[in-house]
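Structure file target_6.cif with mmCIF, C-alpha atoms:
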```
data_data
#
loop_
_atom_site.label_atom_id
_atom_site.label_comp_id
_atom_site.auth_asym_id
_atom_site.auth_seq_id
_atom_site.Cartn_x
_atom_site.Cartn_y
_atom_site.Cartn_z
CA MET A 1 191.47 77.41 77.66
CA PHE A 2 189.42 79.30 80.17
CA SER A 3 185.79 78.18 79.95
CA GLY A 4 184.10 79.98 82.84
CA SER A 5 182.79 83.54 82.97
CA TYR A 6 183.16 86.56 85.23
CA VAL A 7 180.76 88.28 87.58
CA CYS A 8 180.91 91.96 86.68
CA ASP A 9 179.85 93.32 90.06
CA PRO A 10 183.15 94.94 91.26
CA ASP A 11 182.51 93.74 94.81
CA ARG A 12 182.70 90.13 93.76
CA ILE A 13 184.97 89.31 90.89
CA TYR A 14 185.00 85.56 90.71
CA VAL A 15 185.59 83.06 87.98
CA LEU A 16 182.36 81.15 87.55
CA ASN A 17 182.73 77.64 86.37
CA MET A 18 179.93 75.84 88.09
CA LYS A 19 178.16 73.17 86.10
CA ILE A 20 174.50 72.33 86.45
CA LEU A 21 173.16 68.81 86.10
CA LEU A 22 169.47 68.00 85.89
CA MET A 23 169.06 64.32 86.74
CA ALA A 24 165.69 62.71 86.11
CA VAL A 25 164.36 59.20 86.54
CA GLY A 26 162.80 57.71 83.39
CA ARG A 27 162.94 58.66 79.74
CA THR A 28 161.05 61.66 78.38
CA THR A 29 158.79 59.71 76.05
CA SER A 30 156.52 62.57 74.96
CA GLU A 31 157.98 64.18 71.86
CA ILE A 32 156.32 67.48 72.73
CA MET A 33 157.93 67.61 76.17
CA ARG A 34 161.29 66.55 74.76
CA ARG A 35 161.19 69.37 72.23
CA GLY A 36 160.19 71.86 74.93
CA ILE A 37 163.05 70.77 77.15
CA ASP A 38 165.54 70.91 74.25
CA LEU A 39 164.40 74.44 73.42
CA TYR A 40 165.38 75.75 76.87
CA LYS A 41 168.50 73.59 76.99
CA ASP A 42 169.65 75.24 73.74
CA ARG A 43 168.92 78.73 75.06
CA LEU A 44 170.87 77.98 78.24
CA LYS A 45 174.05 77.50 76.19
CA TYR A 46 174.47 81.25 76.07
CA TYR A 47 174.48 81.65 79.84
CA ASP A 48 177.00 81.28 82.64
CA ALA A 49 176.66 77.67 83.67
CA PRO A 50 176.63 74.72 81.27
CA VAL A 51 173.52 72.60 81.81
CA GLU A 52 173.51 68.86 81.25
CA ILE A 53 170.58 66.47 81.53
CA LYS A 54 171.17 62.94 82.77
CA ILE A 55 168.35 60.41 82.48
CA ILE A 56 168.35 57.58 84.99
CA GLU A 57 166.93 54.58 83.18
CA ASP A 58 163.69 53.14 84.50
CA ILE A 59 164.24 50.06 86.63
CA LYS A 60 163.73 46.91 84.56
CA GLY A 61 160.79 44.82 85.70
CA ALA A 62 159.65 47.65 88.00
CA LYS A 63 156.04 46.49 87.89
CA SER A 64 156.89 43.34 89.83
CA LEU A 65 158.63 45.33 92.58
CA THR A 66 157.13 47.07 95.58
CA GLN A 67 157.12 50.88 95.40
CA GLN A 68 159.65 50.83 98.24
CA ARG A 69 162.05 48.55 96.36
CA GLN A 70 161.63 50.58 93.17
CA LYS A 71 162.55 53.77 95.05
CA GLU A 72 165.61 52.08 96.57
CA LEU A 73 166.91 50.88 93.21
CA GLU A 74 166.27 54.28 91.59
CA GLY A 75 168.04 55.84 94.58
CA GLU A 76 171.11 53.67 94.03
CA SER A 77 171.24 54.76 90.38
CA ILE A 78 170.89 58.42 91.37
CA LEU A 79 173.66 58.19 93.95
CA ARG A 80 176.04 56.44 91.51
CA ASN A 81 175.83 59.61 89.41
CA VAL A 82 176.61 61.98 92.27
CA THR A 83 180.15 62.87 93.35
CA PRO A 84 181.11 63.86 96.91
CA SER A 85 181.68 67.51 95.95
CA ASP A 86 178.28 67.94 94.23
CA ARG A 87 175.65 70.19 95.78
CA VAL A 88 172.50 68.05 95.52
CA VAL A 89 169.03 69.59 95.40
CA LEU A 90 165.94 67.38 95.24
CA LEU A 91 162.78 68.54 93.52
CA ASP A 92 160.42 67.38 96.22
CA GLU A 93 156.88 68.24 97.20
CA ASN A 94 158.01 68.87 100.77
CA GLY A 95 160.81 71.17 99.64
CA ARG A 96 161.05 74.90 99.99
CA GLU A 97 158.97 76.95 97.57
CA PHE A 98 160.88 79.78 95.96
CA THR A 99 159.72 82.65 93.84
CA SER A 100 161.58 82.89 90.51
CA ARG A 101 163.76 85.70 91.91
CA GLU A 102 164.55 83.72 95.06
CA PHE A 103 165.45 80.74 92.91
CA ALA A 104 167.73 82.92 90.76
CA ALA A 105 169.41 84.20 93.95
CA PHE A 106 169.82 80.61 95.17
CA VAL A 107 171.54 79.55 91.92
CA ASP A 108 173.69 82.68 91.97
CA LYS A 109 174.77 81.97 95.54
CA GLN A 110 175.95 78.49 94.57
CA MET A 111 177.84 79.93 91.57
CA VAL A 112 179.79 82.45 93.62
CA SER A 113 180.47 80.18 96.59
CA GLY A 114 182.68 77.75 94.71
CA VAL A 115 180.22 74.90 94.13
CA LYS A 116 181.63 72.82 91.27
CA ARG A 117 178.44 71.14 90.22
CA LEU A 118 174.87 71.85 91.24
CA VAL A 119 172.73 68.76 90.77
CA PHE A 120 168.93 68.94 90.66
CA VAL A 121 167.15 65.61 90.88
CA VAL A 122 163.61 64.81 89.69
CA GLY A 123 162.59 61.47 91.21
CA GLY A 124 160.39 58.69 89.93
CA PRO A 125 156.61 58.48 90.49
CA TYR A 126 156.94 57.33 94.11
CA GLY A 127 159.54 59.84 95.22
CA PHE A 128 163.00 59.37 96.70
CA SER A 129 164.55 56.66 98.87
CA ASP A 130 165.83 57.42 102.37
CA ALA A 131 169.41 57.14 101.08
CA VAL A 132 168.78 59.92 98.54
CA TYR A 133 167.18 62.15 101.18
CA ALA A 134 170.20 61.51 103.44
CA ARG A 135 172.65 62.65 100.72
CA ALA A 136 170.67 65.72 99.61
CA ASP A 137 171.81 69.21 100.57
CA SER A 138 168.41 70.80 100.06
CA LYS A 139 164.91 70.30 98.73
CA LEU A 140 163.01 72.55 96.38
CA SER A 141 159.29 72.47 95.55
CA LEU A 142 158.07 73.98 92.28
CA SER A 143 154.42 73.97 93.29
CA ARG A 144 152.05 72.47 95.81
CA MET A 145 150.43 70.83 92.80
CA THR A 146 151.68 67.56 91.38
CA PHE A 147 152.77 67.60 87.74
CA ASN A 148 153.59 64.65 85.57
CA HIS A 149 157.23 63.72 85.58
CA GLU A 150 157.94 64.95 82.10
CA MET A 151 156.28 68.26 82.73
CA VAL A 152 158.34 68.81 85.89
CA ARG A 153 161.45 68.74 83.71
CA LEU A 154 160.05 71.31 81.30
CA PHE A 155 158.76 73.45 84.17
CA PHE A 156 162.13 73.29 85.89
CA ILE A 157 164.34 73.99 82.90
CA GLU A 158 162.28 77.07 82.06
CA GLN A 159 162.88 78.28 85.64
CA LEU A 160 166.59 77.65 85.24
CA TYR A 161 166.58 79.70 82.03
CA ARG A 162 164.54 82.38 83.79
CA ALA A 163 167.03 82.38 86.67
CA MET A 164 169.91 82.97 84.25
CA THR A 165 168.09 85.90 82.62
CA ILE A 166 167.31 87.37 86.05
CA ARG A 167 170.99 87.08 87.07
CA ARG A 168 171.94 88.94 83.88
CA GLY A 169 169.22 91.56 84.32
CA GLU A 170 167.63 90.63 80.98
CA PRO A 171 163.99 91.49 80.27
CA TYR A 172 162.56 87.94 79.99
CA HIS A 173 161.19 88.07 83.53
CA HIS A 174 158.39 90.42 84.65
CA ASP A 175 157.48 90.65 88.33
CA MET B 1 119.40 65.11 74.12
CA PHE B 2 120.89 64.92 77.58
CA SER B 3 124.52 65.96 77.45
CA GLY B 4 125.56 66.07 81.12
CA SER B 5 126.69 63.22 83.34
CA TYR B 6 125.75 61.86 86.75
CA VAL B 7 127.61 61.77 90.03
CA CYS B 8 127.40 58.16 91.19
CA ASP B 9 127.74 58.86 94.90
CA PRO B 10 124.21 58.00 96.15
CA ASP B 11 124.24 60.93 98.58
CA ARG B 12 124.46 63.41 95.75
CA ILE B 13 122.77 62.45 92.54
CA TYR B 14 122.97 65.52 90.38
CA VAL B 15 123.00 66.12 86.70
CA LEU B 16 126.35 67.68 85.88
CA ASN B 17 126.37 70.03 82.98
CA MET B 18 128.91 72.62 83.98
CA LYS B 19 131.14 73.93 81.26
CA ILE B 20 134.73 75.05 81.77
CA LEU B 21 136.30 77.93 79.89
CA LEU B 22 140.00 78.71 79.97
CA MET B 23 140.44 82.31 78.85
CA ALA B 24 143.95 83.55 78.09
CA VAL B 25 145.35 86.85 76.88
CA GLY B 26 147.50 86.56 73.75
CA ARG B 27 147.97 83.85 71.17
CA THR B 28 149.92 80.68 71.93
CA THR B 29 152.67 81.25 69.38
CA SER B 30 154.94 78.38 70.36
CA GLU B 31 153.99 75.33 68.32
CA ILE B 32 155.31 73.03 71.06
CA MET B 33 153.07 74.61 73.70
CA ARG B 34 150.09 74.62 71.38
CA ARG B 35 150.50 70.91 70.71
CA GLY B 36 150.87 70.19 74.43
CA ILE B 37 147.72 72.16 75.23
CA ASP B 38 145.80 70.40 72.43
CA LEU B 39 146.88 67.02 73.77
CA TYR B 40 145.23 67.64 77.14
CA LYS B 41 142.25 69.37 75.58
CA ASP B 42 141.63 66.22 73.53
CA ARG B 43 141.93 63.98 76.56
CA LEU B 44 139.49 66.15 78.48
CA LYS B 45 136.75 65.36 75.95
CA TYR B 46 136.15 62.06 77.71
CA TYR B 47 135.45 63.68 81.09
CA ASP B 48 132.50 65.29 82.79
CA ALA B 49 132.82 68.94 81.83
CA PRO B 50 133.45 70.20 78.31
CA VAL B 51 136.51 72.47 78.20
CA GLU B 52 136.82 75.36 75.80
CA ILE B 53 139.75 77.71 75.32
CA LYS B 54 139.15 81.34 74.44
CA ILE B 55 142.08 83.49 73.39
CA ILE B 56 141.78 87.21 74.05
CA GLU B 57 143.64 88.92 71.22
CA ASP B 58 146.67 90.98 72.16
CA ILE B 59 145.90 94.69 72.26
CA LYS B 60 146.94 96.35 69.00
CA GLY B 61 149.72 98.88 69.39
CA ALA B 62 150.27 97.70 72.97
CA LYS B 63 153.90 98.82 72.95
CA SER B 64 152.88 102.46 72.79
CA LEU B 65 150.59 102.09 75.82
CA THR B 66 151.43 102.23 79.48
CA GLN B 67 151.28 98.90 81.31
CA GLN B 68 148.31 100.27 83.22
CA ARG B 69 146.38 101.11 80.04
CA GLN B 70 147.25 97.76 78.48
CA LYS B 71 145.86 95.96 81.55
CA GLU B 72 142.68 98.03 81.40
CA LEU B 73 142.06 97.25 77.72
CA GLU B 74 142.80 93.55 78.24
CA GLY B 75 140.44 93.66 81.23
CA GLU B 76 137.64 95.08 79.10
CA SER B 77 138.10 92.25 76.58
CA ILE B 78 138.10 89.66 79.37
CA LEU B 79 134.92 91.05 80.90
CA ARG B 80 133.11 91.16 77.54
CA ASN B 81 133.52 87.37 77.44
CA VAL B 82 132.14 86.79 80.93
CA THR B 83 128.42 86.40 81.66
CA PRO B 84 126.80 87.34 84.99
CA SER B 85 126.24 83.69 85.97
CA ASP B 86 129.86 82.61 85.35
CA ARG B 87 132.03 81.62 88.28
CA VAL B 88 135.29 83.48 87.51
CA VAL B 89 138.66 82.27 88.83
CA LEU B 90 141.83 84.23 88.11
CA LEU B 91 145.19 82.51 87.83
CA ASP B 92 147.07 85.02 89.92
CA GLU B 93 150.35 84.97 91.83
CA ASN B 94 148.54 86.23 94.93
CA GLY B 95 145.90 83.53 94.66
CA ARG B 96 145.39 80.53 96.85
CA GLU B 97 147.76 77.64 96.26
CA PHE B 98 146.02 74.29 96.03
CA THR B 99 147.41 70.79 95.95
CA SER B 100 146.16 68.80 92.96
CA ARG B 101 143.63 67.00 95.19
CA GLU B 102 142.39 70.29 96.66
CA PHE B 103 142.03 71.68 93.15
CA ALA B 104 140.06 68.57 92.08
CA ALA B 105 137.78 69.04 95.11
CA PHE B 106 137.34 72.72 94.20
CA VAL B 107 136.29 71.86 90.63
CA ASP B 108 134.00 69.11 91.89
CA LYS B 109 132.35 71.51 94.33
CA GLN B 110 131.53 73.92 91.51
CA MET B 111 130.14 71.06 89.41
CA VAL B 112 127.73 69.86 92.08
CA SER B 113 126.64 73.30 93.26
CA GLY B 114 124.94 74.27 90.02
CA VAL B 115 127.59 76.51 88.50
CA LYS B 116 126.85 76.74 84.78
CA ARG B 117 130.25 77.80 83.61
CA LEU B 118 133.53 77.91 85.47
CA VAL B 119 135.88 80.41 83.85
CA PHE B 120 139.62 80.38 84.54
CA VAL B 121 141.51 83.44 83.32
CA VAL B 122 145.24 83.69 82.55
CA GLY B 123 146.14 87.38 82.28
CA GLY B 124 148.66 89.22 80.17
CA PRO B 125 152.27 89.87 81.21
CA TYR B 126 151.35 92.71 83.58
CA GLY B 127 148.48 90.99 85.35
CA PHE B 128 144.84 92.01 85.73
CA SER B 129 143.08 95.36 85.87
CA ASP B 130 141.15 96.44 88.97
CA ALA B 131 137.87 95.82 87.10
CA VAL B 132 138.80 92.19 86.52
CA TYR B 133 139.79 91.72 90.17
CA ALA B 134 136.47 93.26 91.19
CA ARG B 135 134.48 90.78 89.06
CA ALA B 136 136.49 87.67 90.06
CA ASP B 137 135.01 85.14 92.47
CA SER B 138 138.36 83.67 93.46
CA LYS B 139 142.07 83.60 92.73
CA LEU B 140 144.24 80.56 92.25
CA SER B 141 148.04 80.37 92.17
CA LEU B 142 149.77 77.44 90.43
CA SER B 143 153.15 78.17 91.97
CA ARG B 144 155.10 80.90 93.73
CA MET B 145 157.31 80.85 90.66
CA THR B 146 156.52 82.85 87.54
CA PHE B 147 156.08 80.91 84.30
CA ASN B 148 155.82 82.25 80.83
CA HIS B 149 152.27 82.84 79.71
CA GLU B 150 152.14 79.96 77.29
CA MET B 151 153.51 77.53 79.81
CA VAL B 152 150.92 78.57 82.40
CA ARG B 153 148.24 77.36 79.97
CA LEU B 154 149.91 74.01 79.51
CA PHE B 155 150.42 73.52 83.25
CA PHE B 156 146.93 74.56 84.02
CA ILE B 157 145.25 72.31 81.48
CA GLU B 158 147.27 69.35 82.74
CA GLN B 159 145.98 70.14 86.25
CA LEU B 160 142.46 70.28 84.93
CA TYR B 161 142.94 66.88 83.30
CA ARG B 162 144.47 65.58 86.54
CA ALA B 163 141.52 66.97 88.52
CA MET B 164 139.10 65.08 86.27
CA THR B 165 141.01 61.81 86.73
CA ILE B 166 141.11 62.38 90.52
CA ARG B 167 137.33 62.95 90.55
CA ARG B 168 136.86 59.67 88.70
CA GLY B 169 139.32 57.78 90.89
CA GLU B 170 141.53 56.95 87.92
CA PRO B 171 145.19 56.00 88.42
CA TYR B 172 146.84 58.99 86.60
CA HIS B 173 147.54 60.79 89.88
CA HIS B 174 149.98 59.47 92.54
CA ASP B 175 150.17 61.19 95.91
#
```
Would you mind giving the structure from this file in structure tokens?
Amino acid sequence: MFSGSYVCDPDRIYVLNMKILLMAVGRTTSEIMRRGIDLYKDRLKYYDAPVEIKIIEDIKGAKSLTQQRQKELEGESILRNVTPSDRVVLLDENGREFTSREFAAFVDKQMVSGVKRLVFVVGGPYGFSDAVYARADSKLSLSRMTFNHEMVRLFFIEQLYRAMTIRRGEPYHHD
Amino acid sequence: MFSGSYVCDPDRIYVLNMKILLMAVGRTTSEIMRRGIDLYKDRLKYYDAPVEIKIIEDIKGAKSLTQQRQKELEGESILRNVTPSDRVVLLDENGREFTSREFAAFVDKQMVSGVKRLVFVVGGPYGFSDAVYARADSKLSLSRMTFNHEMVRLFFIEQLYRAMTIRRGEPYHHD
């Protein structure tokens, strides 16, 4: 069975079958945030790229570790879940800030350039290890402000939904 | 009864009794967002500035109005809820982007400079009228990205809570 979708612009008829993975360190413990995230995840089912969420378990006994060691162990878990063909984007405070339209164009570009899986990674409270930075293809910043780690997921998945509606020309987004 | 609080820095012993008002156009219809907003509003009770939320009712029959007219009517409602001594800050995409620490310093500065009420305004889907821009003292942008109007409230109130914990030197915020 064919499970992708087509781009209708006659200048670029491609089969789109890119997957999107949102990887995040630590469980979403707030019920409110979890329900918010699920809401957008459900809506995204109707769009052109299936979205999965993968939670990287918190490191056991993290409190007895240095921040550096905690980042390294989280980094190893992140990298075990990445394949060589993935396009890896870190949500990082030093990343590039996009507008919602620029972000939609970024996602669209990956979809039409044959990327098999686009992986967005939300790190733990102390950020990413050097190994994760070394593997990453790009870095994206949602805001100069710092949000709690559960809210980043909600914030991000709404942008992903918004990006899909912008790609389709649907009226969810106002400039 | 004295209802303010003191700044403990010996170089600036002031009585703090600034109030904060978050004014937003349109009801928060999503139960998830409303619960998230209430969570932070409750937490803010234990900090140095009481926070109120004022919802500006959606304009009746808005769909039959031009966007321009809708903005004007919303603007009139916003301005009716502002007093001459208020310090008015618009949440606006063309506003200044702060880091969370810069935002905390901004709020602190208002608190110690005798501002009676600091009013943050989240506009309707089409933004603010010229009259509202003319009255505003400053503009603040949470992100280059566009968020839905309910989510902006949640993000903003979490930043306000974060700002209060930063002011107090509490461990909620990691750099």
Original post:
Can you list what the PyMOL selection byres ((chain B and resi 107) around 9) grabs from this structure, as a ChimeraX atom specification?
Top reply: /B:102-106,108-112,118,160,163-164,167
Subject >> Protein/DNA/RNA residues near (155.1, 71.4, 83.8), cut 9 Å, all atoms listed in the file, as a PyMOL selection string >> reply: (chain A and resi 33+147-156) or (chain B and resi 151-152+154-156+158)
**OP:** Please provide as a PyMOL selection string all residues within 10 Å of region 52-68 of chain A, with the sequence filter that same-chain residues fewer than 2 positions apart are discarded (counting all atoms listed in the file).
**Re:** chain A and resi 19-28+37-38+41+44+49-50+70-75+77-78+81+119-130+153+157
**OP:** Work out how far apart CA of Arg144 (chain B) and CA of Arg43 (chain A) are and give it in Å to one decimal.
**Re:**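 According to the coordinates, CA of Arg144 (chain B) and CA of Arg43 (chain A) are separated by 23.3 Å.
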With the cut-off set at 6 Å and counting all atoms listed in the file, tabulate each residue of chain A with an atom at most that distance from an atom of chain B, showing the nearest atom pair and its distance in Å to one decimal, ordered by chain and increasing number, as JSON lines.
```
{"residue": "A:Ile32", "atom": "CA", "partner": "B:Ile32", "partner_atom": "CA", "distance": 5.9}
{"residue": "A:Thr99", "atom": "CA", "partner": "B:Met145", "partner_atom": "CA", "distance": 4.4}
{"residue": "A:Ser100", "atom": "CA", "partner": "B:Met145", "partner_atom": "CA", "distance": 4.7}
{"residue": "A:Ser143", "atom": "CA", "partner": "B:Ser143", "partner_atom": "CA", "distance": 4.6}
{"residue": "A:Arg144", "atom": "CA", "partner": "B:Thr99", "partner_atom": "CA", "distance": 4.9}
{"residue": "A:Met145", "atom": "CA", "partner": "B:Thr99", "partner_atom": "CA", "distance": 4.4}
{"residue": "A:Thr146", "atom": "CA", "partner": "B:Ser100", "partner_atom": "CA", "distance": 5.9}
```
For the selection just defined, write its residues with C-alpha atoms to a file, as an mmCIF file, keeping the file's coordinate frame.
```cif
data_model
loop_
_atom_site.group_PDB
_atom_site.id
_atom_site.type_symbol
_atom_site.label_atom_id
_atom_site.label_comp_id
_atom_site.auth_asym_id
_atom_site.auth_seq_id
_atom_site.Cartn_x
_atom_site.Cartn_y
_atom_site.Cartn_z
ATOM 1 C CA ILE A 32 156.320 67.480 72.730
ATOM 2 C CA THR A 99 159.720 82.650 93.840
ATOM 3 C CA SER A 100 161.580 82.890 90.510
ATOM 4 C CA SER A 143 154.420 73.970 93.290
ATOM 5 C CA ARG A 144 152.050 72.470 95.810
ATOM 6 C CA MET A 145 150.430 70.830 92.800
ATOM 7 C CA THR A 146 151.680 67.560 91.380
#
```
Subject >> Pairwise distance for CA of Tyr46 (chain A) and CA of Gly95 (chain A), rounded to one decimal in Å >> reply: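 These atoms are spaced 29.0 Å apart.
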